[in-house]
Amino acid sequence: MSRPRTQAEYLARLVPSSVAGVNRRTLLAGAAGAGSLLGTGLLAGCGGSDSGGSDAKTVSMGSNASDPTPKDVLAKLSGAFKTASGVEVAINTVDHNTFQENINNYLQGKPDDTFTWFAGYRMRFFAERGLAGDVSDVWGKLSGFSDAFKKASTGDDGNQYFVPFSYYPWAVFYRKSVWQQHGYQVPKSLDELTTLSNQMKRDGLVPIAFADKDGWPAMGTFDILNLRINGYQFHIDLMAGKESWTSDKVKKVFDTWAGLLPLHQPDALGRTWQEAAQSLQQKKSGMYLLGLFVAQQFNADEQDDIDFFTFPEIDPAIGAKALDAPIDGYMMARKPKSEANAKKLLEYIGGVDAANIAVKTDPGTLVANTAADTSGYSALQKKAAELVGSATEIAQFLDRDTRPDFASTVIIPALQQFIKDPKDIDGLTNSIENQKKSIFTS
Amino acid sequence: MSDLPLIQADRAVEPPAATTNRGRGRRLRLLSGTDRVVITLMVLIPLLLVTALVWLPALATVVLSGTDWDGIGPLADIDFVGGRNYGDVLTNYPPFVPAVQHNLLWLAVLFLVATPFGMFLAVLLDKELRGSRFYQTALYLPVVLSLALIGFVWQLIYSRDQGLLNAVLGTDVDWYGDPGVNIWAVMLASGWRHVGYIMLLYLAGLKGVDPSLREAAAVDGASEAKSFFRVIFPVLRPINIIVLVVTVIESLRAFDLVWVVNKGRNGLELLSALVTQNVVGEASRIGFGSALATIMLVVSLVFITIYLVTVMRGEDR
């Protein structure tokens with residue numbers, strides 16, 4: 001998951017890596033990592049010279065799984081892969097944010113044979129620029145993935161460049177106890193949502209919790225409104241720069257949002273998503289559109305009280321079957337040292353055994369492979385898996401579906417501007433469109 | 001006046017220096033071969049370092065600002081787009097104008113409020129009050145604290161829903177989110193650090209002032225304020241210039257707190273944050289970011305030129 005999980009991680013993330021420098025622990029970890037890499041490298045070298053040019057028995061992986069739990073999952077995966085295939089995986093873990101920020105340099109330098117990444121525009125972009133390896137033949141051997149996941153793993157040329165592993169959906173979360181107490185029903189249309197929100201206001205609740213201090217949470221609201229009003233294909237084309245931001249379709253999204261804004265928590269620009277989630281947890285607000293990670297802000301004994309529904313239908317012709325569900329997974333470098341081993345590893349990671357290991361090790365994850373044994377899932381996880389399983393299309397979230405420079409330097413300020421002043425939609429969309437033209441033509 | 005001999009001693013050094021100028025040729029010949037090698041190395045190494053670490057990157061930034069490079073692909077593929085990036089910065093980039101205004105505001109507030117206040121505290125602490133070491137430490141502490149901690153401390157204070165300030169005042173001002181308020185909130189936090197820094201610098205200067213100066217002023221019947229402004233302050237000219245330069249530099253490179261709060265968006269735009277947003281990280285809008293950086297460089301050069309001119313004129317006098 002790319003979103004911060006804990007307050008501590010959130011804080012650590014605030015500090016740019018250039019300022020944070022290297023703390024002692026990472027230095028030690030790095031030294032240990034370098035040591036182990038060196039060790040395996042030497043061993044592999046010895047083995048190679050002894051047996052006289054047989055297939056190398058190692059494959060390297062660049063990993064952004066710097067948090068303890070995901071790191072543990074990957075370590076167990078590589079152990080199991082070694083037992084199954086006899087190939088050693090040399091994992092090179094880099095801090096999650098640093099990995100993401102350095103991805104350009106990383107892929108152009110000497111990347112590891114395989115590496116962690118996300119589905120979406122950037123994956124397709126790297127594929128198009130020849131910075132990622134084609135893994136279509138791996139996909140030939142994989143099973144258990146829905147078409148939506150395959151679509152999300154496919155580059156612009158129709159080949160697959162990505163093996164999905166885990167994901168989390170965006171939905172509207174609420175507390176069952178609060179809804180039972182007031183007798184609320186899950187809304188099936190935008191009108192019902194508005195009626196429900198007004199009822200919540202009368203009951204003394206903030207209808208929709210909202211926060212956008214960090215700039216990305218509001219993208220979730222824009223995405224879901226766009227998906228409901230204009231559909232998945234328009235979302236993809238808009239994000240790819242092919243559709244105009246000044247079109248009536250986009251204006252309708254902002255218009256609808258402007259109508260809903262009074263039902264959102266006010267002063268969102270100074271609030272972190274954690275604080276908004278806590279207002280839901282403290283029963284001060286009625287619902288909150290966020291990723292599944294919202295559950296981290298709830299106590300262990302409150303987990304069963306969390307429930308969600310997918311954002312209701314706005315246009316019956318479009319329906320309510322598409323949603324944001326960012327997918328994390330693995331890719332192969334353009335020129336892996338051992339392509340055979342890299343593909344073997346990706347095939348293993350995409351398989352049922354790997355998915356089962358992940359479910360057992362990390363209770364918070366949802367695995368992409370539907371054949372996995374999910375009996376260990378909580379009720380919330382089961383429901384989330386069903387929701388995504390029934391989705392016709394899966395979007396990857398705005399900042400993963402478009403150019404990162406466009407998302408961070410244009411869309412974030414623009415959405416914040418909109419939240420400040422929802423009236424000037426024409427001026428806003430003109431400004432976005434002008435900047436988009438400049439960025440996408442370069 | 002006790003400082004007169006000192007000044008005379010200063011001047012006394014200069015004439016001999018002037019005479020050696022005439023004898024320069026002879027002096028050069030006195031240098032042995034080793035000396036010449038050492039001198040050459042001592043000039044060359046810093047020169048290379050400055051060129052490689054300062055001038056070449058600065059020049060590269062200026063060159064890159066004329067391109068649309070996204071950080072991917074060989075350098076040979078870079079397309080030059082002329083002044084388009086600059087045109088975009090000025091006309092097609094909404095955060096730019098607020099960023100310039102905020103930088104100027106930052107400079108004004110640090111210069112007019114925080115710096116004088118830091119100097120004032122230094123003067124107070126110089127009076128050897130009881131517990132002055134404690135105050136000194138307390139005031140300097142913000143400078144030492146790590147950035148993550150400072151961000152956390154102020155988040156606890158300024159948070160709209162859970163913050164100390166709103167709880168104490170009973171208000172619900174959106175300190176970090178309201179673009180009309182947050183620049184002042186962050187500037188207070190930034191001033192909090194800056195005051196401590198200036199206080200320590202100035203205190204060190206004050207400690208170095210010859211005590212007989214004050215005595216003489218007191219004997220002549222000068223009031224406390226008068227003796228500071230007429231005697232101490234002029235004597236501290238070198239420190240004053242350092243304080244001035246530090247203030248200007250701090251306001252131009254103001255970045256950390258703003259970045260910690262919201263990455264320099266929504267009312268907290270600053271040039272340095274915009275450069276970082278564009279160049280560092282996944283965005284890799286390197287050409288555009290370089291144009292912003294070049295503009296920042298030009299602005300800095302204006303201040304540096306003013307400073308150098310002032311200092312050199314001061315030395316001529």
# chains A, B, ... in the order shown; residues from 1 in each chain; ligands from 1
>>> interface_residues(of="chain B", to="chain A", cutoff="6 Å", atoms="only C-alpha atoms", output="list of chain:residue names")
B:Asp68, B:Asp174, B:Tyr176, B:Gly177, B:Val260, B:Asn262, B:Gly281, B:Glu282, B:Ala283
>>> closest_atom_pairs(of="stretch 98-177 of chain A", to="stretch 368-390 of chain A", cutoff="6 Å", atoms="only C-alpha atoms", output="JSON lines")
{"residue": "A:Gly144", "atom": "CA", "partner": "A:Thr370", "partner_atom": "CA", "distance": 5.0}
{"residue": "A:Phe145", "atom": "CA", "partner": "A:Asn369", "partner_atom": "CA", "distance": 5.3}
{"residue": "A:Phe165", "atom": "CA", "partner": "A:Ala368", "partner_atom": "CA", "distance": 5.1}
{"residue": "A:Ser166", "atom": "CA", "partner": "A:Ala368", "partner_atom": "CA", "distance": 5.0}
>>> select_by_dssp(residues="stretch 137-267 of chain B", states="alpha helix (DSSP H)", output="PyMOL selection string")
chain B and resi 137-144+147-158+164-169+182-207+211-219+224-227+233-235+237-252+256-262
>>> residues_around(residues="A:His96", least_positions_apart="5", cutoff="7 Å", atoms="only C-alpha atoms", output="PDB file with C-alpha atoms, in the first residue's frame")
ATOM      1  CA  ASN A  64       9.719  -1.085  -1.801  1.00  0.00           C
ATOM      2  CA  ALA A  65       8.331  -3.262   0.992  1.00  0.00           C
ATOM      3  CA  SER A  66      10.116  -1.385   3.752  1.00  0.00           C
TER       4      SER A  66
END
>>> residues_around(residues="stretch 284-299 of chain A", least_positions_apart="5", cutoff="7 Å", atoms="only C-alpha atoms", output="PyMOL selection string")
chain A and resi 5+168-174+200+205-210+274+277-279
>>> write_last_selection(atoms="N, CA and C atoms", output="PDB file, in the first residue's frame")
ATOM      1  N   ARG A   5       0.409   4.102   6.892  1.00  0.00           N
ATOM      2  CA  ARG A   5      -0.414   3.264   7.736  1.00  0.00           C
ATOM      3  C   ARG A   5      -0.514   3.809   9.146  1.00  0.00           C
ATOM      4  N   TYR A 168      -6.373  -2.820  -2.716  1.00  0.00           N
ATOM      5  CA  TYR A 168      -7.362  -2.380  -1.719  1.00  0.00           C
ATOM      6  C   TYR A 168      -8.369  -1.486  -2.413  1.00  0.00           C
ATOM      7  N   PRO A 169      -9.647  -1.644  -2.133  1.00  0.00           N
ATOM      8  CA  PRO A 169     -10.666  -0.837  -2.798  1.00  0.00           C
ATOM      9  C   PRO A 169     -10.945   0.473  -2.074  1.00  0.00           C
ATOM     10  N   TRP A 170     -11.446   1.443  -2.826  1.00  0.00           N
ATOM     11  CA  TRP A 170     -11.986   2.675  -2.253  1.00  0.00           C
ATOM     12  C   TRP A 170     -13.505   2.538  -2.198  1.00  0.00           C
ATOM     13  N   ALA A 171     -14.081   2.878  -1.058  1.00  0.00           N
ATOM     14  CA  ALA A 171     -15.531   2.771  -0.903  1.00  0.00           C
ATOM     15  C   ALA A 171     -15.967   3.758   0.169  1.00  0.00           C
ATOM     16  N   VAL A 172     -17.268   3.811   0.427  1.00  0.00           N
ATOM     17  CA  VAL A 172     -17.780   4.702   1.462  1.00  0.00           C
ATOM     18  C   VAL A 172     -17.924   3.877   2.749  1.00  0.00           C
ATOM     19  N   PHE A 173     -17.148   4.238   3.752  1.00  0.00           N
ATOM     20  CA  PHE A 173     -17.130   3.471   4.996  1.00  0.00           C
ATOM     21  C   PHE A 173     -18.053   4.101   6.040  1.00  0.00           C
ATOM     22  N   TYR A 174     -18.609   3.263   6.908  1.00  0.00           N
ATOM     23  CA  TYR A 174     -19.442   3.785   7.998  1.00  0.00           C
ATOM     24  C   TYR A 174     -19.401   2.817   9.168  1.00  0.00           C
ATOM     25  N   MET A 200     -28.585  13.002   8.260  1.00  0.00           N
ATOM     26  CA  MET A 200     -27.467  12.930   9.211  1.00  0.00           C
ATOM     27  C   MET A 200     -27.200  14.298   9.826  1.00  0.00           C
ATOM     28  N   LEU A 205     -24.837  14.836  12.971  1.00  0.00           N
ATOM     29  CA  LEU A 205     -23.591  14.232  12.480  1.00  0.00           C
ATOM     30  C   LEU A 205     -23.050  15.076  11.323  1.00  0.00           C
ATOM     31  N   VAL A 206     -21.736  15.006  11.124  1.00  0.00           N
ATOM     32  CA  VAL A 206     -21.163  15.510   9.877  1.00  0.00           C
ATOM     33  C   VAL A 206     -21.417  14.405   8.856  1.00  0.00           C
ATOM     34  N   PRO A 207     -22.173  14.683   7.776  1.00  0.00           N
ATOM     35  CA  PRO A 207     -22.539  13.566   6.895  1.00  0.00           C
ATOM     36  C   PRO A 207     -21.336  12.828   6.304  1.00  0.00           C
ATOM     37  N   ILE A 208     -20.459  13.585   5.608  1.00  0.00           N
ATOM     38  CA  ILE A 208     -19.347  12.919   4.925  1.00  0.00           C
ATOM     39  C   ILE A 208     -18.033  13.482   5.461  1.00  0.00           C
ATOM     40  N   ALA A 209     -17.252  12.647   6.125  1.00  0.00           N
ATOM     41  CA  ALA A 209     -15.936  13.080   6.604  1.00  0.00           C
ATOM     42  C   ALA A 209     -15.063  13.391   5.397  1.00  0.00           C
ATOM     43  N   PHE A 210     -14.166  14.387   5.533  1.00  0.00           N
ATOM     44  CA  PHE A 210     -13.391  14.797   4.373  1.00  0.00           C
ATOM     45  C   PHE A 210     -12.090  15.443   4.823  1.00  0.00           C
ATOM     46  N   GLN A 274      -6.106  10.878   8.574  1.00  0.00           N
ATOM     47  CA  GLN A 274      -6.215  10.185   9.865  1.00  0.00           C
ATOM     48  C   GLN A 274      -7.235  10.887  10.763  1.00  0.00           C
ATOM     49  N   ALA A 277     -10.678  10.205   9.518  1.00  0.00           N
ATOM     50  CA  ALA A 277     -11.074   8.831   9.844  1.00  0.00           C
ATOM     51  C   ALA A 277     -11.431   8.721  11.321  1.00  0.00           C
ATOM     52  N   GLN A 278     -10.692   9.472  12.150  1.00  0.00           N
ATOM     53  CA  GLN A 278     -11.002   9.421  13.576  1.00  0.00           C
ATOM     54  C   GLN A 278     -12.357  10.051  13.889  1.00  0.00           C
ATOM     55  N   SER A 279     -12.756  11.038  13.090  1.00  0.00           N
ATOM     56  CA  SER A 279     -14.093  11.602  13.323  1.00  0.00           C
ATOM     57  C   SER A 279     -15.164  10.554  13.021  1.00  0.00           C
TER      58      SER A 279
END
>>> residues_around(residues="stretch 264-276 of chain B", least_positions_apart="2", cutoff="7 Å", atoms="only C-alpha atoms", output="ChimeraX atom specification")
/A:413,416 /B:95,98-100,102-103,179-180,182-183,253,255,258-259,262,278-280,289,292-293,296
>>> residues_around(residues="A:Met61", least_positions_apart="6", cutoff="7 Å", atoms="only C-alpha atoms", output="JSON, numbers by chain")
{"A": [89, 90, 91, 92, 112, 113, 114, 115]}
